[in-house]
Amino acid sequence: MILDKFRLDGKVAIVTGSNTGLGQGFCIAFAEAGAKVVGVSRSPSAETEKIIGSDKFINVIADLGSTSCIPEIIKATLAKWGRVDILVNNAGIIRREDSLKFGELDWDDVMNVNLKTLFFLSQAVANEYVKQNSGGKIINVASMLSFQGGIRVPSYTSSKSAVKGLTMTLANEWAKYRINVNAIAPGYMETNNTVALREDAARNKAILERIPAGRWGTPEDIMGAGIFLASDASDYVNGYTLAVDGGWLGR
């Protein structure tokens, strides 16, 4: 049955940024589809664990601003469930400032989380897939700003454009190991990163007028795309960035 292809029974997924928003949504979706989930977050993912249950979820506390946490993430995953099958690089940060004034610290902080750690965690997980001889899935969270320039977010736009390109590079290199690397580009979502935009009446109005769906997206809107790219149903999809944007890019 085709619907069986979307099941994740017996799979183990690592999801970064698991305490709120889209990351929490991925965790819940994967668990409902049958997977065990390792949530990685800077602060405890207590609500996520309560929703999913401790029998299917563990939380690794880690600061993804540094790559030094990566060995512990892998170690904790293997110690608990003995393998890994899915990685979602969801964690990301944003800094807003005019490009004429944008500081080096704000540049480095965003690049470290959104790109550097994303790459090296992907590398570590891909090496586990190779050891397991199992293949595997990697899903990177890109952005509308992987396609567009944005305003006052130079490091974020640069990092998310690079995520889209890196997704294609890794897909090219790792397909021979049966590793699928794809990305999801969320549109304007109700998350921590967009609080400032939603609270700015003029910007909020302008954004909503541009979205054909007429509303901001929610974590629930991302779940189906996540299940698809994490499952056997997407085995021949590689290097693609899927927009989940309410029609924003088609406008």
# chains A, B, ... in the order shown; residues from 1 in each chain; ligands from 1

$ residues_around --residues "Tyr177 of chain A" --least-positions-apart "5" --cutoff "10 Å" --atoms "only C-alpha atoms" --output "short mmCIF file (atom, residue, chain, number, x, y, z; two decimals) with N, CA and C atoms, in the first residue's frame"
data_model
loop_
_atom_site.label_atom_id
_atom_site.label_comp_id
_atom_site.auth_asym_id
_atom_site.auth_seq_id
_atom_site.Cartn_x
_atom_site.Cartn_y
_atom_site.Cartn_z
N ALA A 126 25.80 11.55 8.42
CA ALA A 126 26.03 10.82 7.17
C ALA A 126 27.07 9.73 7.37
N ASN A 127 28.08 10.00 8.16
CA ASN A 127 29.08 8.97 8.44
C ASN A 127 28.47 7.79 9.20
N TYR A 129 25.30 6.85 8.78
CA TYR A 129 24.55 6.14 7.75
C TYR A 129 25.47 5.20 6.97
N VAL A 130 26.68 5.69 6.65
CA VAL A 130 27.63 4.87 5.89
C VAL A 130 28.05 3.66 6.71
N ASN A 133 25.41 1.18 6.76
CA ASN A 133 25.09 0.69 5.41
C ASN A 133 23.58 0.67 5.22
N SER A 134 22.94 1.74 5.68
CA SER A 134 21.49 1.78 5.73
C SER A 134 20.85 2.84 4.85
N GLY A 135 21.67 3.74 4.31
CA GLY A 135 21.08 4.93 3.71
C GLY A 135 20.50 5.81 4.80
N GLY A 136 19.85 6.89 4.41
CA GLY A 136 19.26 7.76 5.41
C GLY A 136 18.75 9.04 4.78
N ALA A 171 23.67 16.27 -1.66
CA ALA A 171 22.87 15.28 -2.39
C ALA A 171 23.68 14.66 -3.51
#

$ residues_around --residues "Leu145 of chain A" --least-positions-apart "4" --cutoff "7 Å" --atoms "only C-alpha atoms" --output "PyMOL selection string"
chain A and resi 149-150+157+160-161

$ select_by_dssp --residues "segment 8-223 of chain A" --states "strand (DSSP E or B)" --output "PyMOL selection string"
chain A and resi 12-16+36-41+57-61+86-89+136-141+179-186+189+217

$ write_last_selection --atoms "C-alpha atoms" --output "PDB file, in the first residue's frame"
ATOM      1  CA  VAL A  12      15.225   7.145  14.645  1.00  0.00           C
ATOM      2  CA  ALA A  13      15.165  10.864  13.931  1.00  0.00           C
ATOM      3  CA  ILE A  14      17.338  13.703  15.229  1.00  0.00           C
ATOM      4  CA  VAL A  15      15.605  17.095  15.121  1.00  0.00           C
ATOM      5  CA  THR A  16      17.393  20.297  16.114  1.00  0.00           C
ATOM      6  CA  LYS A  36      11.733   7.511  17.886  1.00  0.00           C
ATOM      7  CA  VAL A  37      12.919  11.110  18.217  1.00  0.00           C
ATOM      8  CA  VAL A  38      16.015  12.794  19.610  1.00  0.00           C
ATOM      9  CA  GLY A  39      15.220  16.448  20.130  1.00  0.00           C
ATOM     10  CA  VAL A  40      18.194  18.804  20.295  1.00  0.00           C
ATOM     11  CA  SER A  41      17.606  22.181  21.899  1.00  0.00           C
ATOM     12  CA  PHE A  57      11.466  11.058  22.836  1.00  0.00           C
ATOM     13  CA  ILE A  58      14.731  12.095  24.449  1.00  0.00           C
ATOM     14  CA  ASN A  59      16.150  15.582  24.726  1.00  0.00           C
ATOM     15  CA  VAL A  60      19.794  16.528  24.249  1.00  0.00           C
ATOM     16  CA  ILE A  61      20.598  20.013  25.535  1.00  0.00           C
ATOM     17  CA  ILE A  86      16.710  10.849   9.821  1.00  0.00           C
ATOM     18  CA  LEU A  87      18.271  14.223  10.542  1.00  0.00           C
ATOM     19  CA  VAL A  88      16.353  17.508  10.454  1.00  0.00           C
ATOM     20  CA  ASN A  89      18.570  20.581  10.643  1.00  0.00           C
ATOM     21  CA  GLY A 136      19.258   7.761   5.409  1.00  0.00           C
ATOM     22  CA  LYS A 137      17.495  11.093   5.128  1.00  0.00           C
ATOM     23  CA  ILE A 138      18.732  14.604   5.820  1.00  0.00           C
ATOM     24  CA  ILE A 139      16.281  17.504   5.745  1.00  0.00           C
ATOM     25  CA  ASN A 140      17.613  21.037   5.975  1.00  0.00           C
ATOM     26  CA  VAL A 141      15.340  23.928   6.832  1.00  0.00           C
ATOM     27  CA  ILE A 179      21.474   9.212   1.472  1.00  0.00           C
ATOM     28  CA  ASN A 180      18.794  11.675   0.404  1.00  0.00           C
ATOM     29  CA  VAL A 181      19.513  15.320   1.207  1.00  0.00           C
ATOM     30  CA  ASN A 182      16.653  17.750   0.665  1.00  0.00           C
ATOM     31  CA  ALA A 183      15.406  20.999   2.164  1.00  0.00           C
ATOM     32  CA  ILE A 184      12.144  22.616   3.130  1.00  0.00           C
ATOM     33  CA  ALA A 185      11.774  26.370   2.651  1.00  0.00           C
ATOM     34  CA  PRO A 186       9.035  27.531   4.986  1.00  0.00           C
ATOM     35  CA  MET A 189       5.492  31.107   9.756  1.00  0.00           C
ATOM     36  CA  GLY A 217       1.840  29.387   8.275  1.00  0.00           C
TER      37      GLY A 217
END

$ closest_residue --among "A:Thr191, A:Asn238, A:Ser18, A:Thr77" --to "Thr218 of chain A" --atoms "only C-alpha atoms"
A:Thr191

$ closest_residue --among "A:Gly250, A:Arg198, A:Met223, A:Leu118" --to "Val163 of chain A" --atoms "only C-alpha atoms"
A:Leu118

$ residues_around --residues "Thr20 of chain A" --least-positions-apart "4" --cutoff "12 Å" --atoms "only C-alpha atoms" --output "number ranges by chain"
A: 15-16, 24-28, 39-49, 51, 90-92, 190-193, 218-219

$ write_last_selection --atoms "N, CA and C atoms" --output "PDB file, in the first residue's frame"
ATOM      1  N   VAL A  15      16.194  15.824  15.537  1.00  0.00           N
ATOM      2  CA  VAL A  15      15.605  17.095  15.121  1.00  0.00           C
ATOM      3  C   VAL A  15      16.203  18.208  15.969  1.00  0.00           C
ATOM      4  N   THR A  16      16.850  19.176  15.348  1.00  0.00           N
ATOM      5  CA  THR A  16      17.393  20.297  16.114  1.00  0.00           C
ATOM      6  C   THR A  16      16.351  21.407  16.253  1.00  0.00           C
ATOM      7  N   GLN A  24       9.431  21.553  16.956  1.00  0.00           N
ATOM      8  CA  GLN A  24       8.475  20.776  17.739  1.00  0.00           C
ATOM      9  C   GLN A  24       7.484  20.073  16.813  1.00  0.00           C
ATOM     10  N   GLY A  25       7.058  20.774  15.760  1.00  0.00           N
ATOM     11  CA  GLY A  25       6.138  20.171  14.799  1.00  0.00           C
ATOM     12  C   GLY A  25       6.723  18.951  14.115  1.00  0.00           C
ATOM     13  N   PHE A  26       7.994  19.037  13.695  1.00  0.00           N
ATOM     14  CA  PHE A  26       8.656  17.875  13.094  1.00  0.00           C
ATOM     15  C   PHE A  26       8.689  16.705  14.071  1.00  0.00           C
ATOM     16  N   CYS A  27       9.057  16.979  15.318  1.00  0.00           N
ATOM     17  CA  CYS A  27       9.152  15.918  16.325  1.00  0.00           C
ATOM     18  C   CYS A  27       7.818  15.202  16.500  1.00  0.00           C
ATOM     19  N   ILE A  28       6.756  15.978  16.632  1.00  0.00           N
ATOM     20  CA  ILE A  28       5.424  15.393  16.833  1.00  0.00           C
ATOM     21  C   ILE A  28       5.011  14.573  15.619  1.00  0.00           C
ATOM     22  N   GLY A  39      15.365  15.016  20.288  1.00  0.00           N
ATOM     23  CA  GLY A  39      15.220  16.448  20.130  1.00  0.00           C
ATOM     24  C   GLY A  39      16.435  17.170  20.680  1.00  0.00           C
ATOM     25  N   VAL A  40      17.023  18.030  19.876  1.00  0.00           N
ATOM     26  CA  VAL A  40      18.194  18.804  20.295  1.00  0.00           C
ATOM     27  C   VAL A  40      17.762  20.249  20.465  1.00  0.00           C
ATOM     28  N   SER A  41      18.030  20.810  21.640  1.00  0.00           N
ATOM     29  CA  SER A  41      17.606  22.181  21.899  1.00  0.00           C
ATOM     30  C   SER A  41      18.502  22.829  22.934  1.00  0.00           C
ATOM     31  N   ARG A  42      18.530  24.146  22.876  1.00  0.00           N
ATOM     32  CA  ARG A  42      19.362  24.906  23.799  1.00  0.00           C
ATOM     33  C   ARG A  42      18.746  24.977  25.192  1.00  0.00           C
ATOM     34  N   SER A  43      17.420  24.963  25.253  1.00  0.00           N
ATOM     35  CA  SER A  43      16.694  24.891  26.517  1.00  0.00           C
ATOM     36  C   SER A  43      15.805  23.650  26.478  1.00  0.00           C
ATOM     37  N   PRO A  44      15.405  23.136  27.629  1.00  0.00           N
ATOM     38  CA  PRO A  44      14.669  21.869  27.658  1.00  0.00           C
ATOM     39  C   PRO A  44      13.425  21.858  26.775  1.00  0.00           C
ATOM     40  N   SER A  45      13.229  20.728  26.102  1.00  0.00           N
ATOM     41  CA  SER A  45      12.046  20.538  25.253  1.00  0.00           C
ATOM     42  C   SER A  45      10.963  19.826  26.055  1.00  0.00           C
ATOM     43  N   ALA A  46      10.609  20.398  27.209  1.00  0.00           N
ATOM     44  CA  ALA A  46       9.690  19.737  28.125  1.00  0.00           C
ATOM     45  C   ALA A  46       8.296  19.561  27.519  1.00  0.00           C
ATOM     46  N   GLU A  47       7.810  20.591  26.839  1.00  0.00           N
ATOM     47  CA  GLU A  47       6.484  20.500  26.236  1.00  0.00           C
ATOM     48  C   GLU A  47       6.456  19.455  25.127  1.00  0.00           C
ATOM     49  N   THR A  48       7.513  19.423  24.321  1.00  0.00           N
ATOM     50  CA  THR A  48       7.593  18.431  23.247  1.00  0.00           C
ATOM     51  C   THR A  48       7.585  17.020  23.821  1.00  0.00           C
ATOM     52  N   GLU A  49       8.354  16.820  24.864  1.00  0.00           N
ATOM     53  CA  GLU A  49       8.403  15.494  25.503  1.00  0.00           C
ATOM     54  C   GLU A  49       7.047  15.119  26.093  1.00  0.00           C
ATOM     55  N   ILE A  51       4.114  16.020  25.027  1.00  0.00           N
ATOM     56  CA  ILE A  51       3.193  15.680  23.940  1.00  0.00           C
ATOM     57  C   ILE A  51       3.493  14.300  23.374  1.00  0.00           C
ATOM     58  N   ASN A  90      16.879  21.891  11.736  1.00  0.00           N
ATOM     59  CA  ASN A  90      15.850  22.921  11.826  1.00  0.00           C
ATOM     60  C   ASN A  90      16.306  24.165  12.580  1.00  0.00           C
ATOM     61  N   ALA A  91      17.184  24.010  13.562  1.00  0.00           N
ATOM     62  CA  ALA A  91      17.569  25.136  14.416  1.00  0.00           C
ATOM     63  C   ALA A  91      18.169  26.269  13.590  1.00  0.00           C
ATOM     64  N   GLY A  92      17.775  27.476  13.918  1.00  0.00           N
ATOM     65  CA  GLY A  92      18.319  28.634  13.214  1.00  0.00           C
ATOM     66  C   GLY A  92      18.067  29.898  14.007  1.00  0.00           C
ATOM     67  N   GLU A 190       4.421  31.365  11.886  1.00  0.00           N
ATOM     68  CA  GLU A 190       4.243  31.865  13.249  1.00  0.00           C
ATOM     69  C   GLU A 190       5.257  31.177  14.167  1.00  0.00           C
ATOM     70  N   THR A 191       6.459  31.715  14.202  1.00  0.00           N
ATOM     71  CA  THR A 191       7.531  31.172  15.030  1.00  0.00           C
ATOM     72  C   THR A 191       8.209  32.301  15.787  1.00  0.00           C
ATOM     73  N   ASN A 192       9.155  31.929  16.649  1.00  0.00           N
ATOM     74  CA  ASN A 192       9.898  32.934  17.419  1.00  0.00           C
ATOM     75  C   ASN A 192      10.640  33.912  16.508  1.00  0.00           C
ATOM     76  N   ASN A 193      11.128  33.420  15.366  1.00  0.00           N
ATOM     77  CA  ASN A 193      11.912  34.261  14.465  1.00  0.00           C
ATOM     78  C   ASN A 193      11.096  35.370  13.810  1.00  0.00           C
ATOM     79  N   THR A 218       1.751  27.714   9.998  1.00  0.00           N
ATOM     80  CA  THR A 218       1.877  27.157  11.346  1.00  0.00           C
ATOM     81  C   THR A 218       2.758  25.908  11.299  1.00  0.00           C
ATOM     82  N   PRO A 219       3.244  25.448  12.452  1.00  0.00           N
ATOM     83  CA  PRO A 219       4.022  24.204  12.458  1.00  0.00           C
ATOM     84  C   PRO A 219       3.277  23.026  11.832  1.00  0.00           C
TER      85      PRO A 219
END

$ atom_distance --atom1 "atom CA of Ile73 of chain A" --atom2 "atom CA of Leu22 of chain A"
19.6 Å

$ atom_distance --atom1 "atom CA of Ala213 of chain A" --atom2 "atom CA of Gly247 of chain A"
6.6 Å

$ select_by_dssp --residues "segment 17-199 of chain A" --states "helix (DSSP H, G or I)" --output "count of residues only"
98

$ residues_around --residues "Arg152 of chain A" --least-positions-apart "4" --cutoff "7 Å" --atoms "only C-alpha atoms" --output "JSON, numbers by chain"
{"A": [96, 97, 98, 99]}

$ write_last_selection --atoms "N, CA and C atoms" --output "CSV table (one decimal), in the first residue's frame"
chain,number,residue,atom,x,y,z
A,96,ARG,N,18.6,41.2,13.0
A,96,ARG,CA,18.1,42.2,12.1
A,96,ARG,C,18.8,43.5,12.4
A,97,GLU,N,19.3,44.1,11.3
A,97,GLU,CA,20.0,45.4,11.4
A,97,GLU,C,20.3,45.9,10.0
A,98,ASP,N,20.3,47.2,9.8
A,98,ASP,CA,20.7,47.7,8.4
A,98,ASP,C,22.1,47.2,8.0
A,99,SER,N,22.2,46.8,6.8
A,99,SER,CA,23.5,46.3,6.3
A,99,SER,C,24.6,47.2,6.5

$ atom_distance --atom1 "atom CA of Trp248 of chain A" --atom2 "atom CA of Leu197 of chain A"
15.9 Å

$ closest_residue --among "A:Pro212, A:Asp245, A:Gln148, A:Ser231" --to "Tyr188 of chain A" --atoms "only C-alpha atoms"
A:Asp245

$ residues_around --residues "Gly65 of chain A" --least-positions-apart "4" --cutoff "12 Å" --atoms "only C-alpha atoms" --output "list in words"
Ser41, Arg42, Cys69, Ile70, Ala91, Gly92, Ile93, Leu105, Asp106, Asp108, Asp109, Val110, Met111, Asn112, Val113, Asn114, Leu115, Lys116, Thr117, Leu118, Phe120 and Leu121 of chain A
